[in-house]
Structures are given as C-alpha cells and as structure tokens.
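Visitor: File input_16.cif below, mmCIF, C-alpha atoms:
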data_run
loop_
_atom_site.label_atom_id
_atom_site.label_comp_id
_atom_site.auth_asym_id
_atom_site.auth_seq_id
_atom_site.Cartn_x
_atom_site.Cartn_y
_atom_site.Cartn_z
CA MET A 12 35.75 -65.95 107.85
CA SER A 13 33.41 -68.81 108.75
CA PHE A 14 32.63 -67.18 112.12
CA LEU A 15 32.17 -63.78 110.50
CA LEU A 16 29.58 -65.12 108.07
CA SER A 17 27.86 -67.59 110.39
CA ASP A 18 24.51 -67.00 112.10
CA GLN A 19 26.21 -67.02 115.50
CA TYR A 20 25.71 -63.60 117.20
CA LYS A 21 24.23 -62.40 113.92
CA CYS A 22 22.35 -59.43 115.41
CA LEU A 23 25.41 -58.35 117.40
CA LYS A 24 27.60 -58.50 114.28
CA ILE A 25 25.08 -56.50 112.22
CA LEU A 26 24.78 -53.89 114.98
CA THR A 27 28.58 -53.62 115.23
CA LEU A 28 28.87 -53.16 111.47
CA ILE A 29 26.15 -50.49 111.47
CA LEU A 30 27.87 -48.74 114.39
CA VAL A 31 31.21 -48.72 112.54
CA LEU A 32 29.52 -47.45 109.37
CA THR A 33 27.72 -44.70 111.31
CA SER A 34 30.97 -43.66 113.02
CA LEU A 35 32.74 -43.45 109.65
CA ILE A 36 29.93 -41.35 108.17
CA VAL A 37 29.88 -39.00 111.19
CA TYR A 38 33.68 -38.69 110.95
CA GLY A 39 33.36 -37.95 107.24
CA PHE A 40 30.73 -35.27 107.83
CA LYS A 41 32.89 -33.62 110.50
CA GLN A 42 36.08 -33.64 108.43
CA ALA A 43 34.76 -33.05 104.91
CA PRO A 44 33.85 -29.32 105.11
CA SER A 45 37.43 -28.39 106.05
CA ARG A 46 39.14 -30.97 103.80
CA ILE A 47 36.88 -30.54 100.76
CA PRO A 48 35.65 -26.91 100.85
CA ASN A 49 32.52 -26.27 98.77
CA TYR A 50 30.64 -23.11 97.84
CA SER A 51 28.54 -23.21 101.00
CA ALA A 52 31.67 -23.15 103.20
CA PHE A 53 33.20 -20.38 101.07
CA HIS A 54 29.96 -18.36 101.26
CA GLN A 55 29.94 -18.50 105.07
CA ASN A 56 33.55 -17.44 105.48
CA PRO A 57 35.33 -16.39 102.25
CA THR A 58 38.52 -15.24 104.00
CA LEU A 59 39.08 -18.70 105.44
CA TYR A 60 39.45 -20.24 101.99
CA LEU A 61 41.73 -17.73 100.20
CA GLN A 62 43.52 -19.17 97.14
CA THR A 63 41.47 -22.36 97.52
CA ASP A 64 39.64 -24.16 94.73
CA ILE A 65 35.88 -23.83 95.20
CA PRO A 66 33.60 -26.11 93.17
CA PHE A 67 30.28 -24.83 91.85
CA GLY A 68 27.54 -26.16 89.63
CA GLY A 69 24.14 -25.31 88.24
CA ARG A 70 22.44 -23.47 85.40
CA ILE A 71 23.98 -20.44 83.73
CA THR A 72 21.57 -17.54 84.22
CA GLN A 73 23.48 -14.51 82.97
CA PHE A 74 26.47 -13.42 80.90
CA SER A 75 28.24 -10.09 80.93
CA SER A 76 31.72 -8.96 79.96
CA GLY A 77 34.15 -11.15 81.83
CA THR A 78 31.63 -12.55 84.30
CA PHE A 79 28.73 -14.96 84.39
CA SER A 80 26.17 -16.08 86.95
CA VAL A 81 25.30 -19.61 87.93
CA GLU A 82 22.12 -20.58 89.75
CA GLN A 83 23.07 -23.13 92.38
CA VAL A 84 20.77 -24.78 94.90
CA LEU A 85 22.09 -24.38 98.44
CA ASP A 86 20.15 -26.02 101.25
CA GLY A 87 16.96 -25.95 99.22
CA GLN A 88 17.34 -22.29 98.20
CA LYS A 89 18.42 -21.09 94.77
CA GLU A 90 21.33 -18.71 94.84
CA ASN A 91 23.10 -16.84 92.06
CA ILE A 92 26.86 -17.16 92.13
CA LEU A 93 28.96 -14.59 90.30
CA ILE A 94 32.05 -16.05 88.63
CA TYR A 95 34.78 -14.03 86.96
CA GLY A 96 35.93 -15.60 83.74
CA HIS A 97 35.03 -16.31 80.15
CA LEU A 98 33.05 -19.30 78.91
CA GLU A 99 33.31 -20.62 75.38
CA ARG A 100 30.32 -22.12 73.55
CA ALA A 101 28.07 -21.68 76.57
CA ARG A 102 24.46 -20.48 76.42
CA ILE A 103 21.94 -19.29 78.98
CA ASN A 104 20.35 -22.25 80.83
CA ASP A 105 23.26 -24.57 80.00
CA ARG A 106 24.28 -26.73 82.91
CA ILE A 107 27.81 -26.11 84.14
CA SER A 108 30.03 -27.70 86.73
CA GLY A 109 33.26 -25.97 87.43
CA VAL A 110 35.93 -24.92 89.82
CA ALA A 111 36.94 -21.37 90.68
CA ILE A 112 39.78 -20.05 92.76
CA ASN A 113 39.00 -17.74 95.66
CA ASN A 114 41.04 -14.60 94.92
CA ASN A 115 40.32 -12.06 97.66
CA SER A 116 36.72 -13.30 98.01
CA ARG A 117 36.30 -13.14 94.23
CA LEU A 118 35.67 -16.42 92.44
CA GLU A 119 37.82 -16.64 89.32
CA LEU A 120 37.07 -19.44 86.88
CA LYS A 121 39.76 -22.09 86.72
CA ASN A 122 38.18 -25.02 84.90
CA TYR A 123 34.69 -26.03 83.81
CA HIS A 124 32.60 -28.62 82.05
CA LEU A 125 29.33 -27.98 80.21
CA SER A 126 26.74 -30.71 79.93
CA ASN A 127 23.00 -30.82 79.47
CA LEU A 128 22.76 -34.59 79.75
CA HIS A 129 22.42 -34.72 83.52
CA THR A 130 18.61 -35.21 83.58
CA LEU A 131 18.84 -37.93 80.92
CA LYS A 132 21.58 -39.65 82.92
CA VAL A 133 19.45 -39.61 86.07
CA GLY A 134 16.49 -41.05 84.11
CA VAL A 135 18.59 -43.82 82.54
CA SER A 136 20.11 -44.65 85.94
CA PHE A 137 16.66 -44.85 87.52
CA LEU A 138 15.50 -47.27 84.81
CA ALA A 139 18.59 -49.43 85.38
CA PHE A 140 17.97 -49.37 89.14
CA VAL A 141 14.36 -50.52 88.72
CA GLY A 142 15.48 -53.23 86.25
CA VAL A 143 18.18 -54.62 88.55
CA VAL A 144 15.86 -54.61 91.58
CA LEU A 145 13.17 -56.48 89.59
CA ILE A 146 15.70 -59.09 88.34
CA PHE A 147 16.97 -59.52 91.89
CA ILE A 148 13.47 -59.95 93.39
CA LYS A 149 12.64 -62.50 90.66
CA ASP A 150 15.83 -64.48 91.38
CA TYR A 151 15.33 -64.16 95.13
CA LEU A 152 11.87 -65.72 94.96
CA LYS A 153 13.09 -68.40 92.52
CA PHE A 154 16.47 -69.47 93.93
CA PHE A 155 17.57 -67.82 97.16
CA LYS A 156 14.52 -67.84 99.39
CA HIS A 157 14.58 -71.58 99.91
CA ALA A 158 18.37 -72.00 100.00
CA MET B 206 29.94 -41.71 87.97
CA PRO B 207 28.83 -43.20 84.66
CA ASP B 208 25.09 -43.93 84.60
CA LEU B 209 23.83 -47.15 86.18
CA LEU B 210 22.78 -48.65 82.85
CA THR B 211 26.37 -48.39 81.56
CA HIS B 212 27.61 -50.05 84.74
CA ALA B 213 25.04 -52.85 84.39
CA LEU B 214 25.68 -53.39 80.66
CA ILE B 215 29.45 -53.62 81.19
CA ALA B 216 28.81 -56.29 83.82
CA SER B 217 26.29 -58.23 81.67
CA PRO B 218 28.79 -60.35 79.66
CA LEU B 219 29.79 -61.96 82.98
CA LYS B 220 26.33 -63.55 83.32
CA ALA B 221 27.55 -66.78 81.72
CA ARG B 222 30.02 -67.28 84.60
CA PHE B 223 27.39 -67.39 87.35
CA PRO B 224 23.90 -67.38 85.78
CA ARG B 225 21.99 -68.18 88.99
CA LEU B 226 23.68 -65.57 91.14
CA PHE B 227 24.12 -62.91 88.48
CA SER B 228 21.42 -60.68 89.98
CA VAL B 229 23.51 -60.47 93.17
CA PHE B 230 26.51 -59.36 91.11
CA LEU B 231 24.29 -56.74 89.43
CA LEU B 232 23.10 -55.58 92.84
CA GLY B 233 26.75 -55.09 93.79
CA VAL B 234 27.34 -53.17 90.56
CA ILE B 235 24.68 -50.58 91.41
CA LEU B 236 25.29 -50.57 95.18
CA PRO B 237 27.90 -47.73 95.40
CA ASP B 238 25.62 -45.30 93.54
CA VAL B 239 22.51 -46.40 95.41
CA LEU B 240 24.32 -45.78 98.70
CA SER B 241 25.71 -42.39 97.77
CA ARG B 242 22.86 -40.94 95.67
CA THR B 243 19.80 -42.02 97.69
CA PRO B 244 20.37 -39.45 100.50
CA GLY B 245 20.66 -36.72 97.83
CA ILE B 246 17.29 -37.77 96.37
CA LEU B 247 15.67 -37.90 99.82
CA PHE B 248 17.11 -34.52 100.89
CA PRO B 249 17.55 -32.54 97.66
CA GLY B 250 19.61 -29.37 97.74
CA SER B 251 21.27 -30.10 101.07
CA THR B 252 24.90 -29.03 100.77
CA SER B 253 26.19 -31.37 103.46
CA ILE B 254 24.61 -34.40 101.76
CA ILE B 255 26.95 -33.75 98.79
CA PHE B 256 29.85 -34.91 100.96
CA LEU B 257 28.29 -38.37 101.09
CA ASN B 258 29.02 -38.70 97.34
CA TYR B 259 32.70 -38.54 98.15
CA PHE B 260 33.11 -40.90 101.06
CA LEU B 261 30.28 -43.40 100.44
CA HIS B 262 32.20 -44.43 97.31
CA SER B 263 35.22 -45.44 99.36
CA PRO B 264 36.17 -49.14 99.39
CA ILE B 265 35.95 -49.48 103.19
CA ILE B 266 32.33 -48.25 103.29
CA ILE B 267 31.46 -50.53 100.37
CA VAL B 268 32.98 -53.60 102.05
CA LEU B 269 31.12 -52.93 105.31
CA SER B 270 27.84 -52.28 103.48
CA CYS B 271 28.22 -55.53 101.51
CA LEU B 272 28.77 -57.38 104.79
CA VAL B 273 25.59 -55.89 106.28
CA LEU B 274 23.64 -56.83 103.13
CA ALA B 275 25.09 -60.36 103.11
CA TYR B 276 23.59 -60.98 106.57
CA CYS B 277 20.13 -60.53 105.05
CA PHE B 278 20.57 -63.83 103.19
CA PRO B 279 20.63 -67.46 104.36
CA GLN B 280 23.92 -68.64 105.89
CA LYS B 281 24.27 -71.42 103.32
CA ILE B 282 24.78 -69.01 100.43
CA ARG B 283 26.00 -65.96 102.37
CA LYS B 284 29.64 -66.39 101.41
CA ASN B 285 28.85 -66.46 97.68
CA PHE B 286 26.55 -63.48 98.11
CA LEU B 287 29.25 -61.48 99.82
CA TYR B 288 31.89 -62.30 97.20
CA LEU B 289 29.56 -61.43 94.33
CA LEU B 290 28.37 -58.20 95.95
CA LEU B 291 32.00 -57.22 96.51
CA ALA B 292 33.03 -58.18 92.97
CA GLY B 293 30.16 -56.13 91.51
CA SER B 294 30.88 -53.13 93.72
CA PHE B 295 34.59 -53.16 92.91
CA LEU B 296 33.81 -53.37 89.18
CA HIS B 297 31.74 -50.22 89.69
CA LEU B 298 34.58 -48.48 91.53
CA PHE B 299 37.05 -49.58 88.83
CA LEU B 300 34.91 -47.91 86.16
CA ASP B 301 34.53 -44.76 88.27
CA LEU B 302 38.31 -44.55 88.51
CA PHE B 303 38.47 -43.50 84.85
CA GLN B 304 36.19 -40.49 85.05
CA LYS B 305 37.35 -36.90 84.96
CA THR B 306 36.81 -34.73 88.01
CA LEU B 307 37.21 -30.99 88.45
CA THR B 308 38.09 -31.00 92.13
CA THR B 309 38.17 -33.84 94.61
CA GLY B 310 37.26 -37.22 93.19
CA TYR B 311 36.18 -40.22 95.19
CA LEU B 312 38.04 -40.78 98.43
CA TRP B 313 39.62 -44.19 97.82
CA PHE B 314 41.55 -44.17 101.11
CA PHE B 315 38.85 -42.76 103.39
CA PRO B 316 38.99 -42.54 106.47
CA PHE B 317 42.81 -42.70 106.44
CA SER B 318 43.23 -39.97 103.85
CA PHE B 319 41.07 -37.41 102.08
CA SER B 320 43.27 -37.44 99.00
CA SER B 321 41.96 -38.92 95.78
CA PHE B 322 43.22 -39.83 92.35
CA SER B 323 41.75 -40.83 89.01
CA ILE B 324 42.78 -41.81 85.50
CA PRO B 325 40.81 -39.09 83.65
CA LEU B 326 39.46 -40.58 80.42
CA PHE B 327 35.80 -39.40 80.24
CA TRP B 328 33.37 -36.99 81.86
CA PRO B 329 30.63 -38.64 83.94
CA ASP B 330 27.90 -37.77 81.40
CA ASP B 331 29.92 -39.14 78.46
CA SER B 332 28.90 -42.67 79.41
CA LEU B 333 25.56 -41.99 77.72
CA PHE B 334 27.32 -41.91 74.34
CA ALA B 335 28.67 -45.41 74.97
CA LEU B 336 25.20 -46.80 75.73
CA PRO B 337 24.15 -47.62 72.11
CA PHE B 338 27.39 -49.56 71.55
CA LEU B 339 27.04 -51.43 74.83
CA ILE B 340 23.43 -52.34 74.01
CA ILE B 341 24.48 -53.63 70.55
CA ILE B 342 27.36 -55.66 72.04
CA ASN B 343 25.02 -57.18 74.64
CA ILE B 344 22.39 -58.07 72.00
CA MET B 345 25.13 -59.69 69.87
CA LEU B 346 26.34 -61.71 72.85
CA ILE B 347 22.81 -62.89 73.65
CA LYS B 348 22.24 -63.88 69.99
CA ARG B 349 25.56 -65.73 69.86
CA LYS B 350 24.65 -67.61 73.02
CA HIS B 351 21.29 -68.66 71.54
CA VAL B 352 22.97 -69.85 68.30
CA SER B 353 25.61 -71.88 70.12
#
I'd like the structure from this file rewritten - as structure tokens, please.
Guide:
Amino acid sequence: MSFLLSDQYKCLKILTLILVLTSLIVYGFKQAPSRIPNYSAFHQNPTLYLQTDIPFGGRITQFSSGTFSVEQVLDGQKENILIYGHLERARINDRISGVAINNNSRLELKNYHLSNLHTLKVGVSFLAFVGVVLIFIKDYLKFFKHA
Amino acid sequence: MPDLLTHALIASPLKARFPRLFSVFLLGVILPDVLSRTPGILFPGSTSIIFLNYFLHSPIIIVLSCLVLAYCFPQKIRKNFLYLLLAGSFLHLFLDLFQKTLTTGYLWFFPFSFSSFSIPLFWPDDSLFALPFLIIINIMLIKRKHVS
C-alpha cells in the first residue's frame, strides 16, 4: 500500500489507472447494449428482443383506449413511443418511467412509476454539488495545500 | 439515486469524527453521481451515455477513480484522502442499494457480471420528501454541538 500511494512512478501509476478505467468503460459500452437492452436497441431491431423487458421514460403526450404515447429523447431527437396498457392517475405531461415487454414488436406495459419531481431533484442535486465543491476548495486552501 | 443533498445530509452527522477532512468525505459522497451524471449533462439525449449510469456506479470503477483522485493530493495525507473518499463513496452506494428500480439497477459486480440487485424501499425521487426531516435533524445536531 505504501508503494501504491507513494510519489514513486506517480505519473506511470496514474496513467495505468486511467488506462484500466478506460478499458472498463469501453468494455461496458460494448457489452451493455446486448446485456441491458434499451428502447434504442429495440427500435433498431425489434425482433432481436422478443419477450424482453424494454425500459422507457419521458413525458406522456397522449392517451387513448388501452394505449398511451410517451415522448422520449433519443440521441437528441424527440420520439413518440406507443405503449399498450392502462395507466392509473396519470395526466398528459406527467413524467413516466416504465418497463414494457416486447410482444411481437408491440410494447406492452409491465410496470411504471409516475413522478414530476425530476427537475426539482436535479436542481437540489446541483445546489448540493456546488456547496460540496465550495466547502472542499475552502478546506483545500486552508488545510491541505500546505500539508 | 437519491438527490445529492440527501446524500450529503445523511453524511453530515459524521463531521464530528473528522472535522478537518470532512470535505474529502463529502467529496466521496457525491463522487459516484458526479462520475455517472456528468457525461449525461455534457451530451444530453445520447442513448449510449445512459449505460454509463449503470456501470460507473460499480464499486470497482469507484475504487479506481478514488485512487486517481488521491494522487492529486500531497503524499503525506494521500492515504487519509483515499480512505475518506472511499468511505464517502461507499456510503453513497449503500444508500443507492435501497432504491427501487424498474429494470436493471446498478451493476455492483461489473465487469464480472451484469446482474444487479437492490433492497427496494423507495423510488429515487422520494428522497426529496426526506429532505425537510434531514435538514431539521442536522440543525438540531449543530445546535446541540454549540450548547455542549
């Protein structure tokens, strides 16, 4: 442990760590689409993911008998996804995250969660992030810089 | 994930244990979300970036990231930095373990396995309802400290 955390070959150790991290991330990106199928993968090849759970999420844009549409952002473009199923206590523009099963290229609702607190959560998290960074910078200048 | 303020407020009572290095612990507490959410903010709407949410929350990635961060600090205090960053990060992961997920949760065993598990107690957004209580508890703790 003392060698690992010493200044000896510091640059080499940092580069090795970054290389390992990059390899893991590349491996994750290569494996994830097949291991964790999402709507984008289903959209490209629906027959490949038959009877598979497909997650979706976005704003509800339309209701009709037994179906509803969700506006989801895919690679920067908004797309309406048609889901078969019934939602309780949902309104237009509510934010939904859910999972649907691919039944012969038809997405049938399996489970869902409605929440309109996402934007508030992001705002609160951003405030906390700024606060922690400021506390850290203050402590860094006070205690750690001259250690 | 619960919001970052909830994570930070849950960690706050531990300030008395290491007052000088508490900011490092807090940095560790927010680190997993900073790692996994920043790419999504920089490249919004990218479907492949969503995968980062899953595997950047895995313990192995967190440990390696903490090690890289620890090298940014002087050797004299590097060990303490690393331990506190790790402790903060693992407190974050422990809290994330209790959130409900609809499909795949965080990949705890990545890269060895893509399976995940959780102890579903609350939805990620539900943490906001706990915020007022956490703020009150933290204010009470601060007041008690001042009195004593």
Visitor: Run the PyMOL selection byres ((chain B) within 7 of (chain A)) on the file and write out the hits as an NGL selection string.
Guide: :B and (208-210 or 228-229 or 231-232 or 249-252 or 256 or 260 or 266 or 269 or 273 or 279-281 or 283-284 or 307-308 or 319 or 330 or 333)
Visitor: For atom CA of B:Cys271 and atom CA of B:Leu296, determine how far apart the two atoms are, in Å to one decimal place.
Guide: 13.7 Å
Visitor: One decimal, in Å: what's the spacing between atom CA of B:Asp331 and atom CA of B:Phe314?
Guide: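 Calculated distance between atom CA of B:Asp331 and atom CA of B:Phe314 is 26.0 Å.
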Visitor: Write out as number ranges by chain which residues come within 10 Å of B:Phe295 when counting all atoms listed in the file, dropping same-chain ones fewer than 6 positions away.
Guide: B: 233-234, 236-237, 264, 267-268, 289, 301
Visitor: For A:Asn114, which residue among A:Thr72, A:Asn91, A:Gln62, A:Ser80 is the nearest when counting all atoms listed in the file?
Guide: A:Gln62
Visitor: Between atom CA of B:Ile215 and atom CA of B:Phe338, what is the spacing in Å?
Guide: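 Between atom CA of B:Phe338 and atom CA of B:Ile215 the gap is 10.7 Å.
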